[in-house]
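One structure is given here, and the rest of the page talks about it.
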Amino acid sequence: MTKVKVGDRLIGWSTNEEVRSNGGSGGLVTAVFAAALEKGLVDNVVVLEKANQFEAVPIITDSVEDVFNSAGSMHMLISNQTKYLQQFKNEASIALAVKPCDMRGIREQQKRNTIDSDKIFTVGLNCGGTMAPFKIREVVESVYEVDPDQVKGEEIEKGKLIIETFDGEHHSHSIDDLEVDDHGRRENCRYCTVKIATNSDLACGNWGVIGELSGRGTYVEVMTEKGAEFLQNAIDMKFAEVVEAPEKGTEIRGKVNGVMLKMAANTHKEVFKPIEGDKLEDLRKELENCIHCGACKEVCPVCACGVDAKCNKYYDPTDDYDISLYHLIRFLHLSDSCIGCGQCTDVCPADIPLTRLYRRFANPVQEELDYMPGMDDRTPPFFLTKLEELE
Amino acid sequence: MTKTIKFSENVYTTVCPGCGFGCGVYLRELMPEGENHILNIDYRKPSPVNEGKLCRFGVKLPEYFEQTEYNSDSFETGLNEKHMEAIKKAADALKGVKSSEIALVSAGNTTNEEHMAFINLGKTLNTPVNTCVNHVYKDIGKLHVYTSGNVSYSEIENAKKIYLFVNPYVSYPLLTRRLVHAKRKGAEIVYFGLKKLPIACKNVKTKPCESLYEVDEFKPDSETVIISDITPYTNSKRISEIVEIANPEKTEAKLLFMKPFVNSTGAGHLSRHSKQKTIQNIIKGIEDGTIRVLFCLDTDIINMCLNPEVENVLKKVETLIVMSSTITPICEIADVLIETEPFYKKEGTVVNSERRIIPMSSTLDTPIRAGFNQINEIIKAVGGNAKSFEDTKEEILSEFGIEKVDEFKIPEVSIKKYDVEKVSDKLEVCCPADEPDTNAKFIYELNPFMWHNRKDENDYIEISPEFISEIKLIKGHTADINCACKSINKTLRYKPTDMENGYIFSQKKQPFAKAPVAKVNIKPTPLVKKQ
């Protein structure tokens with residue numbers, strides 16, 4: 001095969017049979033990371049250390065063996081990797097697998113110079129949505145009637161959440177049905193419009209892997225020169241093999257994406273239907289239980305303001321405003337850059353649907369400015385706004 | 001790609017030490033080669049207690065640990081030369097006095113394993129471990145059954161009626177989301193206090209010392225979950241009345257008592273059969289010379305008490321032994337200081353207010369058990385039999401009647417009677433109650449920052465808008481607050497809050513209030529004319 005280049009659409013897998021069998025969809029991602037470490041293209045790879053099927057933490061390693069030993073689904077890893085990367089302060093070269101929203105956060109931070117794109121290599125994984133780990137544990141027990149400790153793995157396929165148990169049995173329920181009772185994906189995932197991480201170096205997933213390679217290969221779209229270099233390295237080092245993706249596979253991949261996006265559009269319409277009555281009162285009511293913990297800012301992958309952030313500076317705990325300036329400033333400040341990743345809602349101790357509130361402000365602004373944060377290198381519009389232009 | 005510096009990383013799956021709620025959290029320790037470690041939090045979303053959510057204290061945990069921990073790298077075993085020297089001094093002091101002259105204190109700021117080892121030390125010395133929280137009952141045998149956790153947080157969400165005696169936003173912030181869920185499901189939430197809480201459907205004005213027999217709205221029944229708390233400052237009369245009126249055996253009302261320290265419930269349970277002393281008794285014992293050695297395990301009595309005079313009393317004890325994972329005021333005056341690993345690094349278990357046993361672990365190949373090892377060394381030095389970590393774990397499982405730790409299941413525990421010395425059931429007041437020159441009552445709103453003596457943006461008071469008008473506080477200016485005897489004055493900012501007239505609240509320890517409720521005088525700070 002000729003050298004890998006940007007735009008290539010391939011099916012790949014690990015040449016290590018054990019990795020190919022144990023890893024997700026043929027172990028290509030594992031192979032690319034292991035080869036990059038072995039060759040010295042990166043110093044570290046982020047792997048998932050699993051406590052159980054419902055709990056895993058990202059942790060860096062410089063060991064090829066650790067990379068081979070780590071493999072698995074990211075549906076339960078719902079933290080955004082942007083904040084994880086930022087703690088290294090650009091002093092480490094790191095390869096990691098990301099969801100599309102992770103990558104959107106990373107790209108927004110690259111624009112703010114807190115993450116150096118030269119220091120990271122990203123493999124984007126298709127994402128139909130993620131589930132809150134504790135909630136899905138409860139669902140496994142109450143809806144699937146399966147002992148959570150017997151769960152070996154899970155997968156989202158053809159609109160179903162499939163739970164595999166150690167006895168080899170597959171248990172499935174329609175995601176639509178689960179979501180009627182709020183038992184499925186996180187709300188922001190249900191209306192997310194980026195399912196394939198085309199904003200990363202390599203966009204990988206199992207959509208479009210058909211025939212005898214189904215379950216034993218990964219569909220990969222090469223998005224950047226760095227992506228081509230890393231994949232070529234894995235092939236040259238005999239860690240991975242690839243073949244050209246069949247046209248039918250590409251077509252199926254597009255169709256799956258299309259179905260997902262259609263579902264997302266419907267949910268979007270439902271979630272963001274116009275507020276009846278007093279909008280300000282609605283907002284006040286939503287925020288009345290805020291305890292001002294600041295967690296929503298701490299986890300926000302596009303916020304780069306630090307301790308001197310305007311939202312903190314203009315907020316005074318002795319104020320008795322109906323809606324605190326902290327929130328009002330953040331709604332405004334993030335309206336061009338919010339990526340709708342759901343982290344703020346996830347961590348809110350008062351269960352305020354913050355992502356929905358941020359998106360209420362961001363949807364019209366981003367539409368008006370024709371800006372989709374984290375998807376390309378375009379400068380955030382508010383960075384460019386000058387007062388004289390507004391006059 | 002440019003080559004850069006090497007990093008290694010440990011992740012500790014631990015519990016926030018802010019209060020007894022038991023919030024799960026990951027502490028991520030990043031170690032750049034040749035540089036100091038960097039601490040960050042990760043939100044532990046699989047936790048059955050908090051699903052990763054944290055309050056303001058939890059969000060600031062890295063700052064808390066970085067400012068209070070001892071040199072983190074010296075705790076592989078906890079038995080280096082410096083540690084062993086302190087351990088020997090502690091053992092010598094304990095051996096040099098009678099059992100009755102020793103007071104061991106552990107309020108629940110450490111793991112069950114360390115607390116159990118401490119109990120083992122107590123058994124060797126023939127003296128109980130005092131937990132300092134269980135003193136509030138008039139009749140401990142009668143009440144303890146109801147106060148050591150018999151309602152899970154998820155039961156709150158399914159309650160039809162909730163009676164609140166704590167301000168969740170301030171004191172136990174992670175309760176808020178449980179109450180939000182309950183309200184969404186149609187629960188009627190009634191708050192008995194002096195503020196108007198947005199979460200409550202009804203706010204019933206109830207003064208701190210008021211008898212609940214006189215509060216008509218307090219009518220618990222089988223559909224009611226009552227949420228209160230037990231702290232070193234709790235008014236025992238209020239607790240008694242809650243239990244008496246609720247009468248769970250008859251009405252089937254459910255009671256949940258929150259606790260202030262991360263392992264208050266676990267420590268309370270493990271020490272339940274011992275005849276304990278109260279803090280007041282211990283302080284009195286030091287003053288009259290009957291207590292000659294005080295040994296505090298991760299318990300800072302100075303932080304715990306509102307009256308700063310306690311520090312001078314503690315200085316009088318012949319030997320003050322402090323074993324601590326954090327740098328706190330009591331460490332400064334200790335005669336013997338045994339430094340231990342920070343709480344997040346500890347391996348073991350804690351029990352939260354709903355009686356859930358939560359394991360703490362790490363990605364380290366060899367777990368850190370420095371504090372546990374150190375207590376065992378003291379046991380050996382005073383002639384006792386130290387138990388291994390594994391045996392201690394087994395003993396704890398047996399105490400809780402379980403075979404293995406499963407944080408997703410709350411164990412049923414049968415509670416038996418036990419006894420402590422009785423104390424006054426009156427709330428302390430630091431100044432004479434009939435002092436004429438006071439115009440307000442000051443009340444503390446307890447919270448993790450206060451228990452741990454940490455700075456926050458909470459150095460202000462809350463006061464009702466009507467009271468602001470009445471005493472003519474000027475917007476944008478400050479108020480002067482005096483204690484009743486006028487010996488202490490402080491100028492503070494104020495926040496208008498929907499609450500009862502004639503009261504002021506603070507979430508921070510204030511010099512003019514040495515008791516949970518104190519009479520004070522508040523007036524506008526005089527405006528200074530420009531020269």
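Ligands are numbered from 1 in the order shown, chains are lettered A, B, ... in the order of the structure tokens, and residues start at 1 in each chain.
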For chain B, work out the contacting residues on chain A at 9 Å, counting only C-alpha atoms, and write them as an NGL selection string.
-> :A and (40-44 or 49 or 54-55 or 57-62 or 76-79 or 84 or 87-88 or 90-93 or 118-120 or 132-135 or 137 or 288-295 or 298 or 316-320 or 346-352)
Could you write out that same residue set with C-alpha atoms as a CSV table (one decimal), in the first residue's frame?
chain,number,residue,atom,x,y,z
A,40,GLY,CA,9.5,8.0,20.6
A,41,LEU,CA,7.0,10.1,18.7
A,42,VAL,CA,5.4,10.8,22.1
A,43,ASP,CA,6.7,10.4,25.7
A,44,ASN,CA,3.4,9.5,27.2
A,49,GLU,CA,-7.1,2.4,34.6
A,54,PHE,CA,-18.4,1.5,35.4
A,55,GLU,CA,-15.3,3.2,36.7
A,57,VAL,CA,-9.6,7.0,35.4
A,58,PRO,CA,-7.3,8.4,32.8
A,59,ILE,CA,-3.7,8.1,33.8
A,60,ILE,CA,-0.5,8.6,31.8
A,61,THR,CA,2.1,5.9,31.1
A,62,ASP,CA,5.3,5.6,29.2
A,76,MET,CA,-18.5,5.6,30.9
A,77,LEU,CA,-15.6,8.1,30.8
A,78,ILE,CA,-17.6,11.2,30.8
A,79,SER,CA,-15.1,13.7,32.0
A,84,TYR,CA,-6.8,16.7,32.2
A,87,GLN,CA,-2.5,20.1,34.0
A,88,PHE,CA,0.7,19.1,32.1
A,90,ASN,CA,2.6,21.8,27.8
A,91,GLU,CA,5.6,20.2,29.4
A,92,ALA,CA,4.9,16.7,28.2
A,93,SER,CA,4.2,15.2,24.8
A,118,ASP,CA,2.7,20.3,18.8
A,119,LYS,CA,2.7,18.4,22.1
A,120,ILE,CA,-0.3,16.3,21.6
A,132,ALA,CA,-23.5,8.9,33.7
A,133,PRO,CA,-21.7,5.9,35.3
A,134,PHE,CA,-23.7,5.7,38.5
A,135,LYS,CA,-27.0,6.1,36.6
A,137,ARG,CA,-25.2,1.1,37.0
A,288,GLU,CA,-32.2,29.6,42.8
A,289,ASN,CA,-30.5,26.6,44.4
A,290,CYS,CA,-27.0,27.6,43.3
A,291,ILE,CA,-24.5,27.3,46.2
A,292,HIS,CA,-21.7,29.1,44.3
A,293,CYS,CA,-19.3,26.3,44.5
A,294,GLY,CA,-17.7,27.4,41.2
A,295,ALA,CA,-17.4,23.8,39.9
A,298,GLU,CA,-13.6,24.7,37.1
A,316,ASP,CA,-19.7,39.3,45.5
A,317,PRO,CA,-21.1,36.9,48.0
A,318,THR,CA,-22.8,39.7,49.9
A,319,ASP,CA,-24.8,40.8,46.9
A,320,ASP,CA,-28.5,39.8,47.0
A,346,ASP,CA,-22.5,16.9,35.5
A,347,VAL,CA,-20.8,18.5,38.4
A,348,CYS,CA,-23.4,20.9,39.7
A,349,PRO,CA,-24.3,19.9,43.3
A,350,ALA,CA,-27.7,21.5,43.0
A,351,ASP,CA,-28.5,19.6,39.7
A,352,ILE,CA,-29.1,22.9,37.8
May I have the residues within 8 Å of B:Leu306 as a list in words, using only C-alpha atoms and disregarding those fewer than 3 positions away in the same chain?
->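 Answer for this query is Ile302, Asn303, Lys509, Ala513, Lys514, Ala515 and Pro516 of chain B.
From atom CA of B:Ala93 back to atom CA of B:Thr290, the distance works out to 15.0 Å.
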With a distance cut-off of 12 Å and only C-alpha atoms, select the neighbouring residues of A:Gln150, excluding the residue or stretch itself and same-chain residues fewer than 6 positions from it, and output the selection as a VMD selection string.
-> chain A and resid 52 to 54 137 140 to 141 144 163 to 171
List the spatial neighbours of B:Lys404 as a short mmCIF file (atom, residue, chain, number, x, y, z; two decimals) with N, CA and C atoms, in the first residue's frame - criterion: any atom at most 10 Å away, only C-alpha atoms, same-chain residues fewer than 4 positions off excluded.
data_model
loop_
_atom_site.label_atom_id
_atom_site.label_comp_id
_atom_site.auth_asym_id
_atom_site.auth_seq_id
_atom_site.Cartn_x
_atom_site.Cartn_y
_atom_site.Cartn_z
N ILE B 357 -20.50 2.34 53.95
CA ILE B 357 -19.06 2.12 54.18
C ILE B 357 -18.34 2.33 52.85
N LYS B 393 -9.01 -4.84 59.45
CA LYS B 393 -10.09 -4.73 58.45
C LYS B 393 -11.19 -5.75 58.76
N GLU B 394 -10.77 -6.96 59.06
CA GLU B 394 -11.73 -8.03 59.39
C GLU B 394 -12.57 -7.65 60.61
N LEU B 397 -15.16 -5.12 59.62
CA LEU B 397 -16.28 -5.76 58.90
C LEU B 397 -17.21 -6.44 59.89
N SER B 398 -16.61 -7.11 60.87
CA SER B 398 -17.42 -7.81 61.86
C SER B 398 -18.24 -6.81 62.69
N PHE B 400 -19.46 -4.12 61.72
CA PHE B 400 -20.58 -3.64 60.90
C PHE B 400 -21.45 -4.79 60.38
#
Contacts of B:Gly401 within 9 Å, only C-alpha atoms, excl. fewer than 3 positions in-chain, as a tab-separated table (two decimals) with C-alpha atoms, in the first residue's frame:
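Ended up saving to around-v5.tsv:
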chain	number	residue	atom	x	y	z
B	396	ILE	CA	-14.21	-3.63	61.29
B	397	LEU	CA	-16.28	-5.76	58.90
B	398	SER	CA	-17.42	-7.81	61.86
B	411	PRO	CA	-25.32	-2.43	55.67
B	412	GLU	CA	-28.05	-3.02	58.21
B	413	VAL	CA	-26.53	-2.58	61.63
B	414	SER	CA	-28.28	-3.34	64.87
Which of stretch 71-248 of chain A fall in helix (DSSP H, G or I), as a VMD selection string | chain A and resid 81 to 86 100 to 111 117 to 119 133 to 142 148 to 150 175 to 180 187 to 190 211 to 213 225 to 236 247 to 248
Go ahead and write the residues just picked, C-alpha atoms, as a short mmCIF file (atom, residue, chain, number, x, y, z; two decimals), in the first residue's frame.
data_model
loop_
_atom_site.label_atom_id
_atom_site.label_comp_id
_atom_site.auth_asym_id
_atom_site.auth_seq_id
_atom_site.Cartn_x
_atom_site.Cartn_y
_atom_site.Cartn_z
CA GLN A 81 -10.07 15.40 28.67
CA THR A 82 -9.24 19.06 28.06
CA LYS A 83 -8.80 19.85 31.74
CA TYR A 84 -6.78 16.67 32.17
CA LEU A 85 -4.35 17.78 29.46
CA GLN A 86 -4.04 21.32 30.78
CA PRO A 100 -15.53 14.71 19.75
CA CYS A 101 -16.40 17.08 22.61
CA ASP A 102 -13.01 16.45 24.28
CA MET A 103 -11.38 17.47 21.03
CA ARG A 104 -13.56 20.55 20.69
CA GLY A 105 -12.39 21.66 24.14
CA ILE A 106 -8.77 20.94 23.28
CA ARG A 107 -8.98 22.94 20.06
CA GLU A 108 -10.56 25.90 21.81
CA GLN A 109 -7.75 25.81 24.37
CA GLN A 110 -5.17 25.64 21.58
CA LYS A 111 -6.60 28.95 20.37
CA SER A 117 -0.91 21.35 19.45
CA ASP A 118 2.71 20.29 18.81
CA LYS A 119 2.72 18.44 22.13
CA PRO A 133 -21.71 5.91 35.31
CA PHE A 134 -23.73 5.72 38.50
CA LYS A 135 -27.01 6.07 36.65
CA ILE A 136 -26.15 3.33 34.16
CA ARG A 137 -25.18 1.06 37.03
CA GLU A 138 -28.66 1.56 38.45
CA VAL A 139 -30.22 0.97 35.04
CA VAL A 140 -28.31 -2.27 34.60
CA GLU A 141 -29.74 -3.46 37.89
CA SER A 142 -33.29 -2.15 37.61
CA PRO A 148 -23.70 -4.77 37.81
CA ASP A 149 -20.67 -6.71 39.00
CA GLN A 150 -21.27 -9.26 36.22
CA ILE A 175 -31.95 3.80 23.75
CA ASP A 176 -35.15 5.63 22.84
CA ASP A 177 -37.06 3.59 25.41
CA LEU A 178 -34.41 4.10 28.05
CA GLU A 179 -34.36 7.82 27.44
CA VAL A 180 -38.10 8.21 27.92
CA GLU A 187 -29.04 15.17 27.93
CA ASN A 188 -26.35 17.15 26.07
CA CYS A 189 -25.24 13.99 24.23
CA ARG A 190 -28.75 13.52 22.95
CA GLY A 211 -18.15 -8.06 6.33
CA GLU A 212 -15.50 -10.29 7.86
CA LEU A 213 -13.75 -7.31 9.44
CA GLU A 225 -0.50 15.33 8.55
CA LYS A 226 0.30 14.25 12.09
CA GLY A 227 -2.42 11.64 11.90
CA ALA A 228 -0.90 10.29 8.68
CA GLU A 229 2.57 10.21 10.26
CA PHE A 230 1.43 8.30 13.36
CA LEU A 231 -0.64 5.77 11.43
CA GLN A 232 2.20 5.23 8.96
CA ASN A 233 4.54 4.71 11.90
CA ALA A 234 2.29 1.97 13.31
CA ILE A 235 2.25 0.26 9.91
CA ASP A 236 6.02 0.63 9.41
CA GLU A 247 -17.16 2.39 -0.55
CA LYS A 248 -20.12 0.62 0.98
#
Length of the atom CA of B:Lys519 to atom CA of B:Lys441 vector [Å] =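 About the pair atom CA of B:Lys519 and atom CA of B:Lys441: they are 4.6 Å apart.
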Would you mind writing down, as number ranges by chain, each residue of stretch 127-344 of chain A that DSSP on the backbone assigns to strand (DSSP E or B)?
-> A: 151-157, 160-165, 170-174, 202-205, 218-222, 240-244
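Distances here use only C-alpha atoms; by that measure, the residue among A:Met263, A:Ala197, A:Leu161, A:Ala203 closest to A:Val29 is A:Ala203.
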Quote the spacing between atom CA of B:Asn36 and atom CA of A:Gly306 in Å to one decimal place.
->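 Between atom CA of B:Asn36 and atom CA of A:Gly306 the gap is 21.3 Å.
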Could you name the residues that touch stretch 341-350 of chain B at 7 Å or less, counting only C-alpha atoms, but leaving out those on the same chain fewer than 5 positions away, as a VMD selection string?
-> chain B and resid 12 14 27 69 72 75 110 to 113 263 266 325 to 326 357 to 361 367 to 371
Could you give me, as a compact mmCIF listing (two decimals) with N, CA and C atoms, in the first residue's frame, the residues within 9 Å of A:Cys127, counting only C-alpha atoms and dropping anything in the same chain fewer than 3 positions from it?
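Output file selection-v7.txt follows:
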# COMPACT_ATOMS: atom_id res chain seq x y z
N MET A 74 -15.32 3.97 25.98
CA MET A 74 -15.24 5.25 26.66
C MET A 74 -16.63 5.78 27.02
N HIS A 75 -17.66 4.96 26.84
CA HIS A 75 -19.00 5.46 27.12
C HIS A 75 -19.16 5.91 28.56
N LYS A 99 -13.15 11.89 22.77
CA LYS A 99 -14.48 11.98 22.19
C LYS A 99 -14.51 13.29 21.38
N PRO A 100 -15.48 13.45 20.52
CA PRO A 100 -15.53 14.71 19.75
C PRO A 100 -15.57 15.95 20.64
N GLY A 124 -9.56 10.54 17.63
CA GLY A 124 -10.96 10.80 17.96
C GLY A 124 -11.80 9.55 17.76
N THR A 130 -22.67 9.56 25.76
CA THR A 130 -22.11 8.93 26.97
C THR A 130 -23.19 8.87 28.05
N CYS A 189 -25.65 14.94 25.27
CA CYS A 189 -25.24 13.99 24.23
C CYS A 189 -26.39 13.74 23.26
N VAL A 194 -21.96 16.60 16.88
CA VAL A 194 -20.69 16.06 16.36
C VAL A 194 -20.54 14.63 16.86
N LYS A 195 -20.72 13.69 15.97
CA LYS A 195 -20.66 12.28 16.36
C LYS A 195 -19.34 11.64 15.90
N ILE A 196 -18.75 12.19 14.83
CA ILE A 196 -17.46 11.69 14.35
C ILE A 196 -16.43 12.78 14.59
N ALA A 197 -15.33 12.40 15.26
CA ALA A 197 -14.35 13.41 15.69
C ALA A 197 -13.43 13.82 14.54
N GLY A 205 -13.48 4.66 14.52
CA GLY A 205 -14.71 4.10 15.07
C GLY A 205 -15.09 2.82 14.36
